[in-house]
Each structure stands twice: as C-alpha cells, then as structure tokens.
>>> print(open('target06.txt').read())   # compact mmCIF, C-alpha atoms
# COMPACT_ATOMS: atom_id res chain seq x y z
CA MET L 1 80.39 66.15 -33.95
CA LYS L 2 76.62 66.42 -33.51
CA ALA L 3 74.57 63.35 -34.37
CA TRP L 4 71.10 61.90 -33.81
CA ILE L 5 70.44 58.46 -32.29
CA PRO L 6 67.20 56.55 -31.54
CA ASP L 7 65.43 57.32 -28.27
CA PRO L 8 62.57 55.19 -26.88
CA ASP L 9 60.53 58.20 -25.79
CA ARG L 10 61.25 60.84 -28.45
CA LEU L 11 62.09 58.86 -31.61
CA LEU L 12 65.47 60.63 -31.80
CA VAL L 13 67.79 62.52 -29.49
CA MET L 14 70.81 64.64 -30.42
CA VAL L 15 74.16 63.67 -28.89
CA ASP L 16 77.87 64.42 -29.24
CA LYS L 17 79.85 61.67 -30.94
CA PRO L 18 83.55 61.40 -31.69
CA MET L 19 84.51 62.32 -35.24
CA PRO L 20 84.60 59.08 -37.24
CA GLU L 21 87.94 57.94 -38.62
CA PRO L 22 87.96 56.32 -42.07
CA GLY L 23 89.50 52.87 -42.31
CA VAL L 24 91.44 51.39 -45.22
CA GLY L 25 89.53 51.95 -48.45
CA GLU L 26 87.04 54.32 -46.79
CA VAL L 27 86.31 58.01 -47.20
CA LEU L 28 85.26 60.59 -44.63
CA VAL L 29 82.24 62.55 -45.87
CA GLN L 30 81.00 65.88 -44.53
CA VAL L 31 77.21 65.83 -44.85
CA GLU L 32 75.36 68.53 -46.81
CA ALA L 33 71.92 66.93 -46.69
CA CYS L 34 70.28 63.64 -45.77
CA GLY L 35 66.89 62.40 -46.92
CA VAL L 36 64.46 61.10 -44.32
CA CYS L 37 63.33 57.60 -45.25
CA ARG L 38 60.55 55.38 -43.90
CA THR L 39 63.27 52.80 -43.26
CA ASP L 40 64.72 55.24 -40.70
CA LEU L 41 61.31 55.27 -39.02
CA HIS L 42 61.16 51.46 -39.00
CA LEU L 43 64.60 51.44 -37.39
CA VAL L 44 63.87 53.86 -34.56
CA GLU L 45 60.42 52.33 -33.90
CA GLY L 46 61.92 48.83 -33.68
CA ASP L 47 60.32 47.28 -36.76
CA LEU L 48 63.88 46.64 -37.93
CA PRO L 49 65.89 45.03 -35.11
CA PRO L 50 68.66 47.53 -34.25
CA ARG L 51 72.15 46.22 -34.94
CA HIS L 52 73.76 48.83 -32.69
CA PRO L 53 72.07 50.61 -29.76
CA ALA L 54 73.30 54.12 -30.61
CA ILE L 55 73.35 54.02 -34.40
CA SER L 56 72.76 57.26 -36.32
CA PRO L 57 70.19 56.57 -39.07
CA GLY L 58 70.17 58.05 -42.55
CA HIS L 59 71.18 56.64 -45.93
CA GLN L 60 70.28 59.29 -48.53
CA VAL L 61 73.35 61.42 -48.03
CA VAL L 62 74.75 64.21 -50.17
CA GLY L 63 78.16 65.36 -49.00
CA ARG L 64 81.76 66.07 -49.79
CA VAL L 65 84.85 63.90 -49.30
CA VAL L 66 87.09 65.53 -46.69
CA GLY L 67 89.46 62.66 -45.91
CA GLY L 68 90.37 59.02 -46.35
CA ASP L 69 91.09 57.05 -49.53
CA GLY L 70 89.28 59.27 -52.02
CA ASP L 71 89.41 62.52 -53.94
CA VAL L 72 89.21 65.22 -51.29
CA GLY L 73 86.67 67.82 -52.33
CA GLN L 74 84.60 65.48 -54.51
CA ARG L 75 80.84 65.73 -54.11
CA VAL L 76 79.36 62.30 -53.49
CA GLY L 77 76.18 60.45 -52.61
CA VAL L 78 75.97 57.74 -49.96
CA ALA L 79 73.13 55.24 -50.24
CA TRP L 80 71.65 52.31 -48.26
CA LEU L 81 73.99 49.58 -49.55
CA ARG L 82 77.29 50.10 -47.72
CA TRP L 83 79.29 46.92 -48.35
CA THR L 84 79.11 43.46 -49.91
CA CYS L 85 81.61 40.62 -49.75
CA GLY L 86 82.16 40.27 -53.52
CA ALA L 87 82.80 36.54 -53.09
CA CYS L 88 79.50 34.78 -52.30
CA ARG L 89 77.44 33.21 -55.09
CA TYR L 90 75.05 36.15 -55.14
CA CYS L 91 77.80 38.73 -55.57
CA LEU L 92 79.48 36.63 -58.24
CA ASP L 93 76.14 36.33 -60.08
CA GLY L 94 75.54 40.10 -60.18
CA LYS L 95 73.02 39.98 -57.30
CA GLU L 96 75.00 41.79 -54.63
CA ASN L 97 71.76 43.07 -53.10
CA LEU L 98 71.30 39.50 -51.81
CA CYS L 99 74.86 39.19 -50.43
CA LEU L 100 75.03 36.97 -47.37
CA SER L 101 77.29 39.47 -45.57
CA SER L 102 75.91 42.78 -46.84
CA ALA L 103 76.05 45.87 -44.62
CA TYR L 104 73.92 49.01 -44.70
CA THR L 105 74.38 52.73 -44.04
CA GLY L 106 72.48 53.87 -40.97
CA TRP L 107 71.89 50.29 -39.78
CA ASP L 108 75.26 48.56 -39.58
CA ALA L 109 77.27 51.80 -39.45
CA ASP L 110 76.42 55.41 -38.64
CA GLY L 111 74.53 57.23 -41.35
CA GLY L 112 73.70 60.75 -42.39
CA TYR L 113 71.79 61.97 -39.33
CA ALA L 114 75.21 63.30 -38.33
CA GLU L 115 77.68 65.95 -39.44
CA TYR L 116 80.16 63.39 -40.79
CA LEU L 117 80.18 59.70 -41.72
CA THR L 118 82.56 57.16 -43.20
CA VAL L 119 81.79 54.77 -46.06
CA PRO L 120 83.81 52.45 -48.32
CA ALA L 121 84.97 54.48 -51.32
CA ALA L 122 83.68 51.81 -53.73
CA TYR L 123 80.11 52.43 -52.55
CA VAL L 124 79.77 56.17 -53.10
CA TYR L 125 78.25 57.79 -56.19
CA ALA L 126 79.76 60.83 -57.88
CA LEU L 127 77.32 63.75 -57.90
CA PRO L 128 77.28 66.98 -59.92
CA GLU L 129 78.26 70.27 -58.34
CA GLY L 130 75.39 72.41 -59.52
CA ALA L 131 72.31 70.49 -58.37
CA PRO L 132 70.76 71.43 -55.00
CA ALA L 133 71.55 68.90 -52.26
CA GLU L 134 67.90 69.00 -51.18
CA LYS L 135 66.82 67.62 -54.57
CA LEU L 136 69.63 65.08 -54.90
CA ALA L 137 69.26 63.39 -51.51
CA PRO L 138 65.94 61.56 -52.19
CA LEU L 139 67.36 60.07 -55.39
CA LEU L 140 69.82 58.01 -53.35
CA CYS L 141 67.25 55.65 -51.83
CA ALA L 142 63.72 56.68 -52.73
CA GLY L 143 64.80 56.93 -56.34
CA ILE L 144 67.19 53.99 -56.56
CA VAL L 145 65.04 51.45 -54.69
CA GLY L 146 61.94 52.64 -56.55
CA TYR L 147 63.81 52.06 -59.80
CA ARG L 148 64.63 48.49 -58.76
CA ALA L 149 60.99 47.96 -57.78
CA LEU L 150 59.98 49.11 -61.26
CA LEU L 151 62.36 46.58 -62.80
CA ARG L 152 60.97 43.84 -60.54
CA ALA L 153 57.41 44.70 -61.56
CA ASP L 154 58.09 43.64 -65.18
CA LEU L 155 56.01 46.48 -66.63
CA PRO L 156 55.61 46.00 -70.39
CA GLU L 157 56.27 48.91 -72.71
CA GLY L 158 53.32 51.28 -72.63
CA GLY L 159 51.74 49.18 -69.86
CA ARG L 160 49.36 50.06 -67.05
CA LEU L 161 51.11 50.47 -63.68
CA GLY L 162 49.42 50.71 -60.30
CA VAL L 163 51.25 52.59 -57.53
CA TYR L 164 50.00 51.98 -53.98
CA GLY L 165 51.07 54.73 -51.60
CA PHE L 166 52.56 57.96 -52.89
CA GLY L 167 55.46 59.13 -50.77
CA ALA L 168 59.09 59.89 -51.57
CA SER L 169 59.88 56.74 -53.54
CA ALA L 170 56.54 56.42 -55.29
CA HIS L 171 56.48 59.95 -56.68
CA LEU L 172 59.92 59.46 -58.26
CA THR L 173 59.15 55.98 -59.58
CA ALA L 174 55.88 57.09 -61.13
CA GLN L 175 57.75 59.77 -63.09
CA ALA L 176 60.29 57.25 -64.35
CA ALA L 177 57.46 55.00 -65.56
CA ILE L 178 55.53 57.85 -67.19
CA ALA L 179 58.70 59.03 -68.97
CA HIS L 180 58.89 55.59 -70.60
CA GLY L 181 55.29 55.66 -71.80
CA ALA L 182 53.48 53.90 -68.97
CA VAL L 183 49.92 54.70 -67.89
CA VAL L 184 50.15 55.18 -64.13
CA HIS L 185 47.26 54.84 -61.68
CA VAL L 186 47.97 55.96 -58.10
CA VAL L 187 46.08 54.61 -55.09
CA THR L 188 46.41 56.74 -51.95
CA ARG L 189 44.16 58.17 -49.25
CA SER L 190 45.99 61.50 -49.04
CA SER L 191 44.30 64.32 -50.94
CA ALA L 192 47.60 66.21 -51.20
CA ALA L 193 49.33 63.12 -52.61
CA ARG L 194 46.50 62.61 -55.11
CA GLN L 195 46.91 66.18 -56.31
CA LEU L 196 50.68 65.76 -56.64
CA ALA L 197 50.23 62.48 -58.56
CA LEU L 198 47.94 64.12 -61.09
CA GLU L 199 50.27 67.11 -61.45
CA LEU L 200 53.13 64.70 -62.22
CA GLY L 201 51.17 63.00 -65.00
CA ALA L 202 49.32 60.10 -63.39
CA ALA L 203 46.26 59.01 -65.34
CA SER L 204 44.26 58.66 -62.12
CA ALA L 205 44.64 59.03 -58.37
CA GLY L 206 42.01 57.64 -56.06
CA ASP L 207 40.79 54.65 -54.06
CA ARG L 208 41.29 52.05 -56.81
CA PRO L 209 42.62 51.84 -60.36
CA PRO L 210 39.92 52.31 -63.01
CA GLU L 211 41.20 49.48 -65.24
CA PRO L 212 43.09 46.17 -64.88
CA LEU L 213 46.84 46.59 -64.33
CA ASP L 214 49.79 45.00 -66.12
CA ALA L 215 51.98 45.62 -63.07
CA ALA L 216 51.84 47.24 -59.65
CA ILE L 217 54.22 48.41 -56.94
CA LEU L 218 53.26 48.49 -53.28
CA PHE L 219 55.12 51.29 -51.48
CA ALA L 220 52.88 51.55 -48.41
CA PRO L 221 54.12 49.15 -45.67
CA VAL L 222 50.63 47.69 -45.29
CA GLY L 223 50.21 43.96 -45.81
CA ASP L 224 46.41 44.32 -46.11
CA LEU L 225 46.98 45.98 -49.49
CA VAL L 226 48.71 42.94 -51.02
CA PRO L 227 45.47 41.04 -51.86
CA VAL L 228 43.88 44.31 -52.99
CA ALA L 229 46.71 45.02 -55.41
CA LEU L 230 46.87 41.41 -56.65
CA ALA L 231 43.13 41.43 -57.37
CA ALA L 232 43.58 44.58 -59.49
CA LEU L 233 46.14 42.88 -61.77
CA ASP L 234 45.23 41.68 -65.22
CA ARG L 235 46.21 38.15 -66.26
CA GLY L 236 49.97 37.69 -66.13
CA GLY L 237 50.49 40.82 -64.04
CA THR L 238 53.17 41.28 -61.38
CA LEU L 239 53.03 42.98 -57.98
CA ALA L 240 56.37 44.13 -56.52
CA VAL L 241 56.51 44.98 -52.80
CA ALA L 242 59.07 47.76 -52.42
CA GLY L 243 59.46 48.17 -48.66
CA ILE L 244 61.99 46.62 -46.30
CA HIS L 245 59.20 46.13 -43.74
CA LEU L 246 55.58 45.07 -44.29
CA THR L 247 52.81 44.26 -41.85
CA ASP L 248 51.39 40.73 -42.09
CA ILE L 249 49.72 39.73 -45.36
CA PRO L 250 46.18 38.36 -44.97
CA THR L 251 45.26 34.94 -46.34
CA LEU L 252 45.25 34.98 -50.14
CA ASN L 253 42.58 33.35 -52.26
CA TYR L 254 44.36 31.41 -54.98
CA GLU L 255 41.76 31.92 -57.70
CA ARG L 256 41.18 35.63 -57.04
CA HIS L 257 44.72 36.72 -56.23
CA LEU L 258 47.24 34.40 -57.90
CA PHE L 259 45.63 32.27 -60.58
CA GLN L 260 46.07 33.24 -64.25
CA GLU L 261 49.80 33.63 -63.66
CA ARG L 262 49.77 36.65 -61.43
CA THR L 263 53.10 37.07 -59.64
CA LEU L 264 53.99 38.44 -56.20
CA ARG L 265 57.60 39.63 -55.74
CA SER L 266 59.63 41.28 -53.02
CA VAL L 267 62.31 43.92 -53.54
CA THR L 268 65.53 43.72 -51.52
CA ALA L 269 67.76 46.81 -51.45
CA ASN L 270 69.59 47.44 -54.74
CA THR L 271 72.83 46.76 -56.54
CA ARG L 272 75.35 49.48 -57.31
CA ALA L 273 74.52 48.92 -60.98
CA ASP L 274 70.91 49.87 -60.17
CA GLY L 275 72.17 53.00 -58.45
CA ARG L 276 74.37 54.06 -61.34
CA ALA L 277 71.63 53.35 -63.90
CA TYR L 278 69.01 55.34 -62.00
CA LEU L 279 71.30 58.29 -61.30
CA ASP L 280 72.36 58.42 -64.96
CA LEU L 281 68.69 58.45 -65.91
CA SER L 282 67.57 61.04 -63.35
CA LEU L 283 70.56 63.37 -63.68
CA GLY L 284 70.19 63.32 -67.45
CA ARG L 285 66.48 64.02 -67.26
CA PRO L 286 65.84 65.41 -63.77
CA PRO L 287 62.48 64.47 -62.24
CA HIS L 288 60.38 66.84 -60.19
CA VAL L 289 61.49 66.11 -56.62
CA SER L 290 58.88 67.22 -54.10
CA THR L 291 60.74 67.99 -50.86
CA THR L 292 60.18 69.50 -47.44
CA PRO L 293 63.49 70.74 -45.96
CA TYR L 294 64.18 70.59 -42.23
CA PRO L 295 67.11 72.14 -40.37
CA PHE L 296 69.43 69.49 -38.93
CA ASP L 297 68.35 70.33 -35.38
CA ARG L 298 64.75 69.36 -36.27
CA ALA L 299 65.44 65.78 -37.34
CA ALA L 300 63.08 64.40 -34.70
CA SER L 301 60.29 66.63 -36.02
CA ALA L 302 60.95 65.48 -39.59
CA LEU L 303 60.68 61.82 -38.59
CA ARG L 304 57.55 62.50 -36.55
CA ASP L 305 55.93 64.32 -39.48
CA LEU L 306 56.75 61.36 -41.72
CA ALA L 307 55.16 58.98 -39.21
CA ASP L 308 52.04 61.18 -39.10
CA GLY L 309 51.70 61.38 -42.88
CA GLN L 310 52.43 65.10 -42.94
CA VAL L 311 55.16 65.01 -45.63
CA ASN L 312 54.09 65.31 -49.27
CA GLY L 313 57.02 63.85 -51.19
CA ALA L 314 60.33 63.62 -49.31
CA ALA L 315 61.62 65.20 -46.08
CA VAL L 316 65.28 66.25 -46.19
CA LEU L 317 67.61 67.28 -43.35
CA MET L 318 69.79 70.23 -44.35
CA LEU L 319 73.29 70.60 -42.89
CA GLY L 320 75.24 72.48 -45.55
>>> encode(input="target06.txt", output="structure tokens")
Amino acid sequence: MKAWIPDPDRLLVMVDKPMPEPGVGEVLVQVEACGVCRTDLHLVEGDLPPRHPAISPGHQVVGRVVGGDGDVGQRVGVAWLRWTCGACRYCLDGKENLCLSSAYTGWDADGGYAEYLTVPAAYVYALPEGAPAEKLAPLLCAGIVGYRALLRADLPEGGRLGVYGFGASAHLTAQAAIAHGAVVHVVTRSSAARQLALELGAASAGDRPPEPLDAAILFAPVGDLVPVALAALDRGGTLAVAGIHLTDIPTLNYERHLFQERTLRSVTANTRADGRAYLDLSLGRPPHVSTTPYPFDRAASALRDLADGQVNGAAVLMLG
C-alpha cells in the first residue's frame, strides 16, 4: 500500500509499505479520508519525540472495516486514542486519557496517512453512511479534543469564553459553546479566521477580548499567550490549554495572572466517553465544518500549508 512517513528535508515522503495485518481484537480499515492535525506537524518536525522512525501520521480517520474482528463493511472513525490498559488506577477511575500505558494512532502505530490501517475494534466509532467523509474527519480529533478542552475550561452557563487561535479545533469548539448559549470572543491574527469566527456566531474576533472572560481555551501552541489569556480572565476564571505541545510559558506574575482564584489547566487527549458524547452532539446537530480537501498524493503540501498558516479551518486528505 501507499503511505506517507516523516522526512527530515521534506516533512513527508511517500513510500510503499506492506499491507497491515490486524491482530486479535483489531480491525483492518480502508481509509476514505484523514484530517490533517497540528499534532501531525509536531510529530514530523520533532516537537513530539518519534516513537518509531517510519511511522505514518494521522489520527482523524474516516474509513470502512474490510477485515479483522469487526463488522466488515461498517463505516467507522479512528481517533487519537488507540489503546489503554483498562487496569491502572486512572482507567479504573474513568480517566483513561491519563492511562500509564496508553497508545496513540499515528504515534505508536501507523495512522491514516496511508491507504489502510489497523486499530483495536474497541477504539473505533461508528459513523453514519450519508455524511461526507471530508466533513466527518475533523470531528475525530479537532472536535473531540476541543470538546474535552471546553469541559476542562469550566464555562458557566451563558458565560463568556475566550478562544485563542482559530484553526480546526477552535472553530468546532466555538460552535459547540455558542450552541449552549455562550458568548464567544476569538483572538487570532488571521483576517480570514476572524471573518470565519464572526460568520459562525462569535461576538468578537480581534486582538483581545472586549470584556473579562469566565473561561478561555488556548489552541495556539504558543506559551507566550498563557499570561495574556490568564490576565483576560475575570475572578474565578479558568484557562484550559488544549494542545499536546506548547512552547515555554514566560514567568507568571501571581497577582496579575493567578490571584483571585484563576485556574490554569492542561488538556490531555480524551476518553472514549468524550468521543461518544461529542459525536452524538455533533451528528445530531451538525456544525459547520470548514475544510480544505487535498488529494492523498499532496499530503506533504497539506502539512506545509498548515505550518504556514494557509489553512482556514481543517485540511483533509481524501483517499476514497
């Protein structure tokens, strides 16, 4: 099969790989589409230490079961969380996203930048037949992890939410918050992203929020924005940092950034319960998913465009 792997000079290079063989309890999935995530960029650029030298990235996969221990023909989604032990104290406490032995699609095992992949059957999500793969793929990480970030931000009902950065995950999360009555203020430098934010119902989109915030989510992987976002919080507000990678955070001033019970939280992956809850929500009331499709043979271009800030919404590789 054809697959993409990291390359030091060109981000990605296409290679031939043997067809994967599903193990016990796994399914073989033929890929229809795979979303392009900033985590993929962190992986190929070395911000995330590679766990295998020739891993195929990609963890927002829409495909069809074609073999293994599953219902052949079923349309499924494959997300970032690939496996957890089910026995450590975190798994037993409903916090499998913190599992000591967790494994991830496109990091510990080949992902969706390939024509086929294998995944444990217990970690796939059933997907509807009628929805376009291009619009489903971003829901499987950008949507799910953004949903967990929203939960971690402790936004009160009808509260004021700040969203820092406005890419694939942020534009889906903002819609989920607005649908539940939140007032959303988007902070981004991109004029195209500002326009999209306003079209999706944001109350403002600019350099800073126009009022104190009850909660905020940092999607941009820029540590310099942490004190900026904390300073914009009202008393008792919470900032959730959504990314898997963040540049260094500058020194915080206790009185300006943390006093008056402001809270700083990280977000680590998601549980399968998060995934099911978000997909139930988004499939029942589909959000506007802003996508830029790329043919499979242009995966390197898609990742480069993401790195250069040229993607408004989500980039998606199309195979089907």
>>> residues_around(input="target06.txt", residues="segment 299-309 of chain L", least_positions_apart="3", cutoff="12 Å", atoms="all atoms listed in the file", output="ChimeraX atom specification")
/L:2-7,9-14,33-45,56-58,112-114,165-168,188-193,220-221,291-296,312-319
>>> residues_around(input="target06.txt", residues="Val24 of chain L", least_positions_apart="6", cutoff="12 Å", atoms="only C-alpha atoms", output="PyMOL selection string")
chain L and resi 67-70+118-122
>>> residues_around(input="target06.txt", residues="Gly158 of chain L", least_positions_apart="3", cutoff="12 Å", atoms="only C-alpha atoms", output="JSON, numbers by chain")
{"L": [154, 155, 161, 177, 178, 179, 180, 181, 182, 183, 184, 213, 214, 215]}
>>> atom_distance(input="target06.txt", atom1="atom CA of Ala202 of chain L", atom2="atom CA of Ala79 of chain L")
27.6 Å
>>> closest_residue(input="target06.txt", among="L:Leu233, L:Cys99, L:Ala277, L:Val27", to="Gly159 of chain L", atoms="only C-alpha atoms")
L:Leu233
